[in-house]
Amino acid sequence: MRLRDWALDDRCYAVRLGASLMGVNLPTLTDATALKTGPALEIDGGILHGPADILQRLTSLPEVSREWHLGIGEERRDAWAESALERFSHLRQTALLAGLPTEGIPPQAFDLMTEIEDRLSDDRLRERPWVSGSHPGVADILLFPIAALSQDLEVPLDLYPAIRNFIRQFKALPGFMTMPGVPECH
Amino acid sequence: MTNWFPLALGMDVPPGTAAPARLCGKEIALWRGADGQIHAWEDRCPHRGMRLSFGFVRNGNLACLYHGWQFGADATCRHIPAHPELRVPGTIHAHAYQAAERAGIIWVSLNEQASADELPNMDAFGARSILIRAPLASVRTALALPDEGWGWQEECLVAVHEPEPGLTMLHMAAATLARRLDVADRAKMTRDRLEALNEKVSA
Ligand code: FES
């Protein structure tokens, strides 16, 4: 098993973060195509693409605790979280590659943050501590890079208290690791 | 002239944490010690200007993330890790503002003389702080709020502040714990309505 990885790609970070949280030893191979197409997992002689599918595959490894599976009756939100991460990744690449300072924060960045904030905020009032339910799961891992790297889009976090709360809670998980180049202070 | 500004819900700054806030672009660090007391300081470390809201709360002090200077509840510097033996002169301190917690909301005044009597005196439970992409003046008019920027409407406290020009934070607190979900839904509906209105105006 090996991850085709680009260290500074947010989707690749989600997979490395997930492996670290689940206690999976995941060797990586630096591969520039991952910057375009996202992470790819070499496993059982085949290749798996897409951060959600890869993370779900990791949860089924024998060494991973059953806690990473959804509880009975819990709604699966991985597809929503993956599409949010894809949208974010696109916005972030555009922002980081812009040669000139761009004109303010793109409205799509606000839209995305609002969508996540609404969900986290409703969950909190319903006493659902994680996006995935009573335990953090794949959807939480997919959302974390958006929350932590939103500074790259210059979105001020004082506008999103539920996202701040999510970041704080997530960082306290055993096995948490930051992305290279991301200051610890956010 | 209003003295007090509603900056956040109390529940969004849990004990032992710090959080950033802005008031018309002015950066403010909110933090709460284990004793539950809320503090509002200028978001700037007196040492080298690092944002104090990035810091962490230790033993009732707020510690700056950069070089670890620690400031006590009275905002004076208590400890400088690079000089552990030093008795820190009392002249080194963070800049503190008046802070109060009422009706589930954290209120800050930049005016030292402001009286807490001006604040709401009922109990309420924070439900939602929500961003509205519209200027404060138009939000206040649409919600028929007085100049103080807050009022009781249908068993719920509605309060607004302006983090930066063109953006408004709407804070809503419910009269009972059980009504918080309804109030949070109302906050979302209000946001959607006012943003649509604002888009029409600017189009
Ligand atoms: S900048 Fe805060 S301790 Fe140095």
# chains A, B, ... in the order shown; residues from 1 in each chain; ligands from 1
call {"tool": "select_by_dssp", "arguments": {"residues": "chain B", "states": "helix (DSSP H, G or I)", "output": "PyMOL selection string"}}
result
chain B and resi 10-12+52-54+116-118+136-142+177-202
call {"tool": "residues_near_ligand", "arguments": {"ligand": "ligand 1", "cutoff": "7 Å", "atoms": "only C-alpha atoms and all ligand atoms", "output": "list in words"}}
result
Cys45, Pro46, His47, Arg48, Gly49, Met50, Cys64, Leu65, Tyr66, His67, Gly68 and Trp69 of chain B
call {"tool": "residues_around", "arguments": {"residues": "B:Ala187", "least_positions_apart": "4", "cutoff": "8 Å", "atoms": "only C-alpha atoms", "output": "CSV table (one decimal) with all heavy atoms, in the first residue's frame"}}
result
chain,number,residue,atom,x,y,z
B,128,ARG,N,-27.4,31.5,17.7
B,128,ARG,CA,-26.6,31.6,16.5
B,128,ARG,C,-26.0,32.9,16.3
B,128,ARG,O,-26.6,34.0,16.6
B,128,ARG,CB,-27.6,31.3,15.3
B,128,ARG,CG,-26.9,31.2,13.9
B,128,ARG,CD,-26.3,29.9,13.6
B,128,ARG,NE,-25.3,30.0,12.6
B,128,ARG,CZ,-25.4,29.6,11.3
B,128,ARG,NH1,-26.5,29.0,11.0
B,128,ARG,NH2,-24.5,29.7,10.4
B,130,ILE,N,-24.5,34.7,13.1
B,130,ILE,CA,-24.5,34.4,11.7
B,130,ILE,C,-24.0,35.6,10.9
B,130,ILE,O,-24.4,36.7,11.1
B,130,ILE,CB,-25.9,33.9,11.3
B,130,ILE,CG1,-25.9,33.2,10.0
B,130,ILE,CG2,-26.9,35.0,11.3
B,130,ILE,CD1,-27.2,32.4,9.7
B,170,LEU,N,-25.1,38.9,12.8
B,170,LEU,CA,-26.3,38.9,13.5
B,170,LEU,C,-26.3,37.9,14.7
B,170,LEU,O,-25.9,36.7,14.4
B,170,LEU,CB,-27.5,38.5,12.6
B,170,LEU,CG,-28.8,38.2,13.1
B,170,LEU,CD1,-29.5,39.4,13.8
B,170,LEU,CD2,-29.7,37.6,12.0
B,172,MET,N,-28.3,36.0,17.7
B,172,MET,CA,-29.6,35.8,18.2
B,172,MET,C,-29.6,34.8,19.4
B,172,MET,O,-28.9,33.8,19.4
B,172,MET,CB,-30.5,35.2,17.1
B,172,MET,CG,-30.9,36.3,16.1
B,172,MET,SD,-31.8,35.8,14.7
B,172,MET,CE,-33.4,35.5,15.4
B,183,VAL,N,-35.0,29.5,16.9
B,183,VAL,CA,-34.3,30.8,16.7
B,183,VAL,C,-33.2,30.7,15.7
B,183,VAL,O,-33.0,31.6,14.9
B,183,VAL,CB,-33.8,31.3,18.1
B,183,VAL,CG1,-32.9,32.5,17.9
B,183,VAL,CG2,-35.1,31.7,18.9
B,191,ARG,N,-31.0,35.9,7.3
B,191,ARG,CA,-29.8,36.0,6.5
B,191,ARG,C,-30.1,35.9,5.0
B,191,ARG,O,-29.7,36.8,4.2
B,191,ARG,CB,-28.7,35.0,6.9
B,191,ARG,CG,-27.5,35.2,6.1
B,191,ARG,CD,-26.8,33.9,5.6
B,191,ARG,NE,-27.5,32.7,5.5
B,191,ARG,CZ,-27.1,31.5,5.9
B,191,ARG,NH1,-26.0,31.4,6.6
B,191,ARG,NH2,-27.9,30.4,5.7
call {"tool": "closest_residue", "arguments": {"among": "A:Gly71, A:Pro107, A:Pro27, A:Pro145", "to": "A:Pro51", "atoms": "only C-alpha atoms"}}
result
A:Pro145
call {"tool": "atom_distance", "arguments": {"atom1": "atom CA of B:Ala173", "atom2": "atom CA of B:Asp12"}}
result
12.5 Å
call {"tool": "interface_residues", "arguments": {"of": "chain B", "to": "chain A", "cutoff": "7 Å", "atoms": "only C-alpha atoms", "output": "MDAnalysis selection string"}}
result
chainID B and resid 12 20:21 54 131 181
call {"tool": "select_by_dssp", "arguments": {"residues": "stretch 101-188 of chain B", "states": "strand (DSSP E)", "output": "PyMOL selection string"}}
result
chain B and resi 101-102+105-109+125-132+150-152+156-161+168-174
call {"tool": "residues_around", "arguments": {"residues": "B:Ala175", "least_positions_apart": "4", "cutoff": "8 Å", "atoms": "only C-alpha atoms", "output": "compact mmCIF listing (two decimals) with all heavy atoms, in the first residue's frame"}}
result
# COMPACT_ATOMS: atom_id res chain seq x y z
N ASP B 123 -32.59 36.99 30.99
CA ASP B 123 -31.81 35.80 30.65
C ASP B 123 -32.13 35.37 29.23
O ASP B 123 -33.27 35.51 28.78
CB ASP B 123 -32.20 34.65 31.58
CG ASP B 123 -31.29 34.61 32.80
OD1 ASP B 123 -30.24 35.30 32.76
OD2 ASP B 123 -31.62 33.90 33.76
N ALA B 124 -31.14 34.88 28.54
CA ALA B 124 -31.39 34.31 27.21
C ALA B 124 -30.26 33.34 26.90
O ALA B 124 -29.20 33.36 27.54
CB ALA B 124 -31.46 35.41 26.16
N PHE B 125 -30.49 32.49 25.91
CA PHE B 125 -29.54 31.43 25.57
C PHE B 125 -29.10 31.60 24.13
O PHE B 125 -29.92 31.58 23.21
CB PHE B 125 -30.18 30.05 25.77
CG PHE B 125 -30.67 29.86 27.17
CD1 PHE B 125 -31.95 30.27 27.55
CD2 PHE B 125 -29.83 29.31 28.14
CE1 PHE B 125 -32.39 30.13 28.85
CE2 PHE B 125 -30.27 29.16 29.45
CZ PHE B 125 -31.55 29.57 29.81
N GLU B 155 -39.82 36.99 21.63
CA GLU B 155 -39.16 36.14 22.62
C GLU B 155 -37.74 35.76 22.25
O GLU B 155 -37.29 34.64 22.49
CB GLU B 155 -39.96 34.86 22.84
CG GLU B 155 -41.24 35.12 23.59
CD GLU B 155 -41.92 33.81 23.87
OE1 GLU B 155 -41.35 33.01 24.61
OE2 GLU B 155 -43.01 33.60 23.30
N CYS B 156 -37.06 36.71 21.63
CA CYS B 156 -35.70 36.39 21.27
C CYS B 156 -34.91 37.69 21.21
O CYS B 156 -35.44 38.75 20.86
CB CYS B 156 -35.77 35.62 19.96
SG CYS B 156 -34.55 35.97 18.77
N LEU B 157 -33.65 37.63 21.64
CA LEU B 157 -32.81 38.82 21.60
C LEU B 157 -32.11 38.87 20.25
O LEU B 157 -31.47 37.90 19.83
CB LEU B 157 -31.77 38.79 22.72
CG LEU B 157 -30.88 40.02 22.74
CD1 LEU B 157 -31.62 41.25 23.24
CD2 LEU B 157 -29.64 39.79 23.58
N ARG B 179 -36.03 26.67 22.74
CA ARG B 179 -36.36 27.40 21.52
C ARG B 179 -35.15 27.72 20.65
O ARG B 179 -35.26 28.40 19.64
CB ARG B 179 -37.06 28.73 21.90
CG ARG B 179 -38.35 28.57 22.65
CD ARG B 179 -39.59 28.94 21.85
NE ARG B 179 -39.35 29.38 20.49
CZ ARG B 179 -39.75 30.53 20.00
NH1 ARG B 179 -40.38 31.38 20.76
NH2 ARG B 179 -39.53 30.84 18.74
call {"tool": "residues_around", "arguments": {"residues": "A:Gly50", "least_positions_apart": "5", "cutoff": "7 Å", "atoms": "only C-alpha atoms", "output": "PDB file with N, CA and C atoms, in the first residue's frame"}}
result
ATOM      1  N   GLY A  38      -5.533  14.967  -7.506  1.00  0.00           N
ATOM      2  CA  GLY A  38      -5.760  14.561  -6.124  1.00  0.00           C
ATOM      3  C   GLY A  38      -5.013  13.282  -5.786  1.00  0.00           C
ATOM      4  N   PRO A  39      -5.170  12.824  -4.554  1.00  0.00           N
ATOM      5  CA  PRO A  39      -4.415  11.662  -4.089  1.00  0.00           C
ATOM      6  C   PRO A  39      -4.854  10.377  -4.794  1.00  0.00           C
ATOM      7  N   ALA A  40      -3.931   9.424  -4.886  1.00  0.00           N
ATOM      8  CA  ALA A  40      -4.266   8.102  -5.418  1.00  0.00           C
ATOM      9  C   ALA A  40      -3.625   7.060  -4.509  1.00  0.00           C
TER      10      ALA A  40
END
call {"tool": "decode", "arguments": {"residues": "stretch 140-151 of chain B", "atoms": "all heavy atoms", "output": "short mmCIF file (atom, residue, chain, number, x, y, z; two decimals), in the first residue's frame"}}
result
data_model
loop_
_atom_site.label_atom_id
_atom_site.label_comp_id
_atom_site.auth_asym_id
_atom_site.auth_seq_id
_atom_site.Cartn_x
_atom_site.Cartn_y
_atom_site.Cartn_z
N ARG B 140 -29.93 46.80 10.03
CA ARG B 140 -30.62 47.40 11.17
C ARG B 140 -31.99 47.95 10.76
O ARG B 140 -32.98 47.77 11.46
CB ARG B 140 -29.76 48.50 11.78
CG ARG B 140 -29.88 48.57 13.26
CD ARG B 140 -28.81 49.40 13.89
NE ARG B 140 -28.66 50.68 13.22
CZ ARG B 140 -27.61 51.48 13.36
NH1 ARG B 140 -26.62 51.10 14.12
NH2 ARG B 140 -27.55 52.61 12.72
N THR B 141 -32.03 48.59 9.61
CA THR B 141 -33.30 49.12 9.13
C THR B 141 -34.28 47.99 8.84
O THR B 141 -35.43 48.02 9.29
CB THR B 141 -33.09 49.95 7.84
OG1 THR B 141 -31.99 50.82 8.06
CG2 THR B 141 -34.32 50.72 7.46
N ALA B 142 -33.80 46.98 8.12
CA ALA B 142 -34.69 45.87 7.75
C ALA B 142 -35.25 45.17 8.98
O ALA B 142 -36.38 44.68 8.97
CB ALA B 142 -33.95 44.89 6.86
N LEU B 143 -34.45 45.11 10.05
CA LEU B 143 -34.91 44.42 11.25
C LEU B 143 -35.56 45.38 12.25
O LEU B 143 -35.92 44.96 13.35
CB LEU B 143 -33.73 43.70 11.93
CG LEU B 143 -33.06 42.59 11.11
CD1 LEU B 143 -31.89 42.01 11.86
CD2 LEU B 143 -34.07 41.50 10.77
N ALA B 144 -35.67 46.63 11.87
CA ALA B 144 -36.26 47.65 12.75
C ALA B 144 -35.59 47.69 14.11
O ALA B 144 -36.26 47.71 15.15
CB ALA B 144 -37.77 47.43 12.87
N LEU B 145 -34.25 47.67 14.12
CA LEU B 145 -33.51 47.71 15.39
C LEU B 145 -33.16 49.16 15.71
O LEU B 145 -32.82 49.94 14.81
CB LEU B 145 -32.23 46.89 15.29
CG LEU B 145 -32.38 45.37 15.30
CD1 LEU B 145 -31.03 44.71 15.05
CD2 LEU B 145 -32.97 44.89 16.62
N PRO B 146 -33.18 49.52 17.00
CA PRO B 146 -32.80 50.88 17.38
C PRO B 146 -31.28 51.09 17.23
O PRO B 146 -30.55 50.15 16.94
CB PRO B 146 -33.20 50.96 18.86
CG PRO B 146 -33.21 49.54 19.33
CD PRO B 146 -33.59 48.71 18.15
N ASP B 147 -30.82 52.31 17.49
CA ASP B 147 -29.40 52.64 17.33
C ASP B 147 -28.47 51.77 18.17
O ASP B 147 -27.34 51.53 17.78
CB ASP B 147 -29.16 54.11 17.73
CG ASP B 147 -29.64 55.04 16.63
OD1 ASP B 147 -29.98 54.53 15.55
OD2 ASP B 147 -29.70 56.26 16.88
N GLU B 148 -28.95 51.33 19.34
CA GLU B 148 -28.09 50.49 20.18
C GLU B 148 -27.70 49.20 19.47
O GLU B 148 -26.77 48.52 19.88
CB GLU B 148 -28.80 50.08 21.49
CG GLU B 148 -29.19 51.21 22.40
CD GLU B 148 -30.55 51.75 22.00
OE1 GLU B 148 -31.56 51.15 22.35
OE2 GLU B 148 -30.55 52.79 21.30
N GLY B 149 -28.46 48.85 18.44
CA GLY B 149 -28.11 47.65 17.68
C GLY B 149 -28.67 46.37 18.27
O GLY B 149 -28.23 45.28 17.90
N TRP B 150 -29.62 46.47 19.20
CA TRP B 150 -30.24 45.24 19.70
C TRP B 150 -31.66 45.51 20.17
O TRP B 150 -32.02 46.66 20.45
CB TRP B 150 -29.43 44.62 20.83
CG TRP B 150 -29.25 45.47 22.05
CD1 TRP B 150 -28.23 46.34 22.29
CD2 TRP B 150 -30.11 45.52 23.20
NE1 TRP B 150 -28.40 46.94 23.51
CE2 TRP B 150 -29.54 46.46 24.10
CE3 TRP B 150 -31.30 44.87 23.56
CZ2 TRP B 150 -30.13 46.76 25.33
CZ3 TRP B 150 -31.89 45.17 24.79
CH2 TRP B 150 -31.29 46.11 25.66
N GLY B 151 -32.44 44.45 20.25
CA GLY B 151 -33.80 44.57 20.74
C GLY B 151 -34.40 43.19 20.96
O GLY B 151 -33.88 42.19 20.47
#
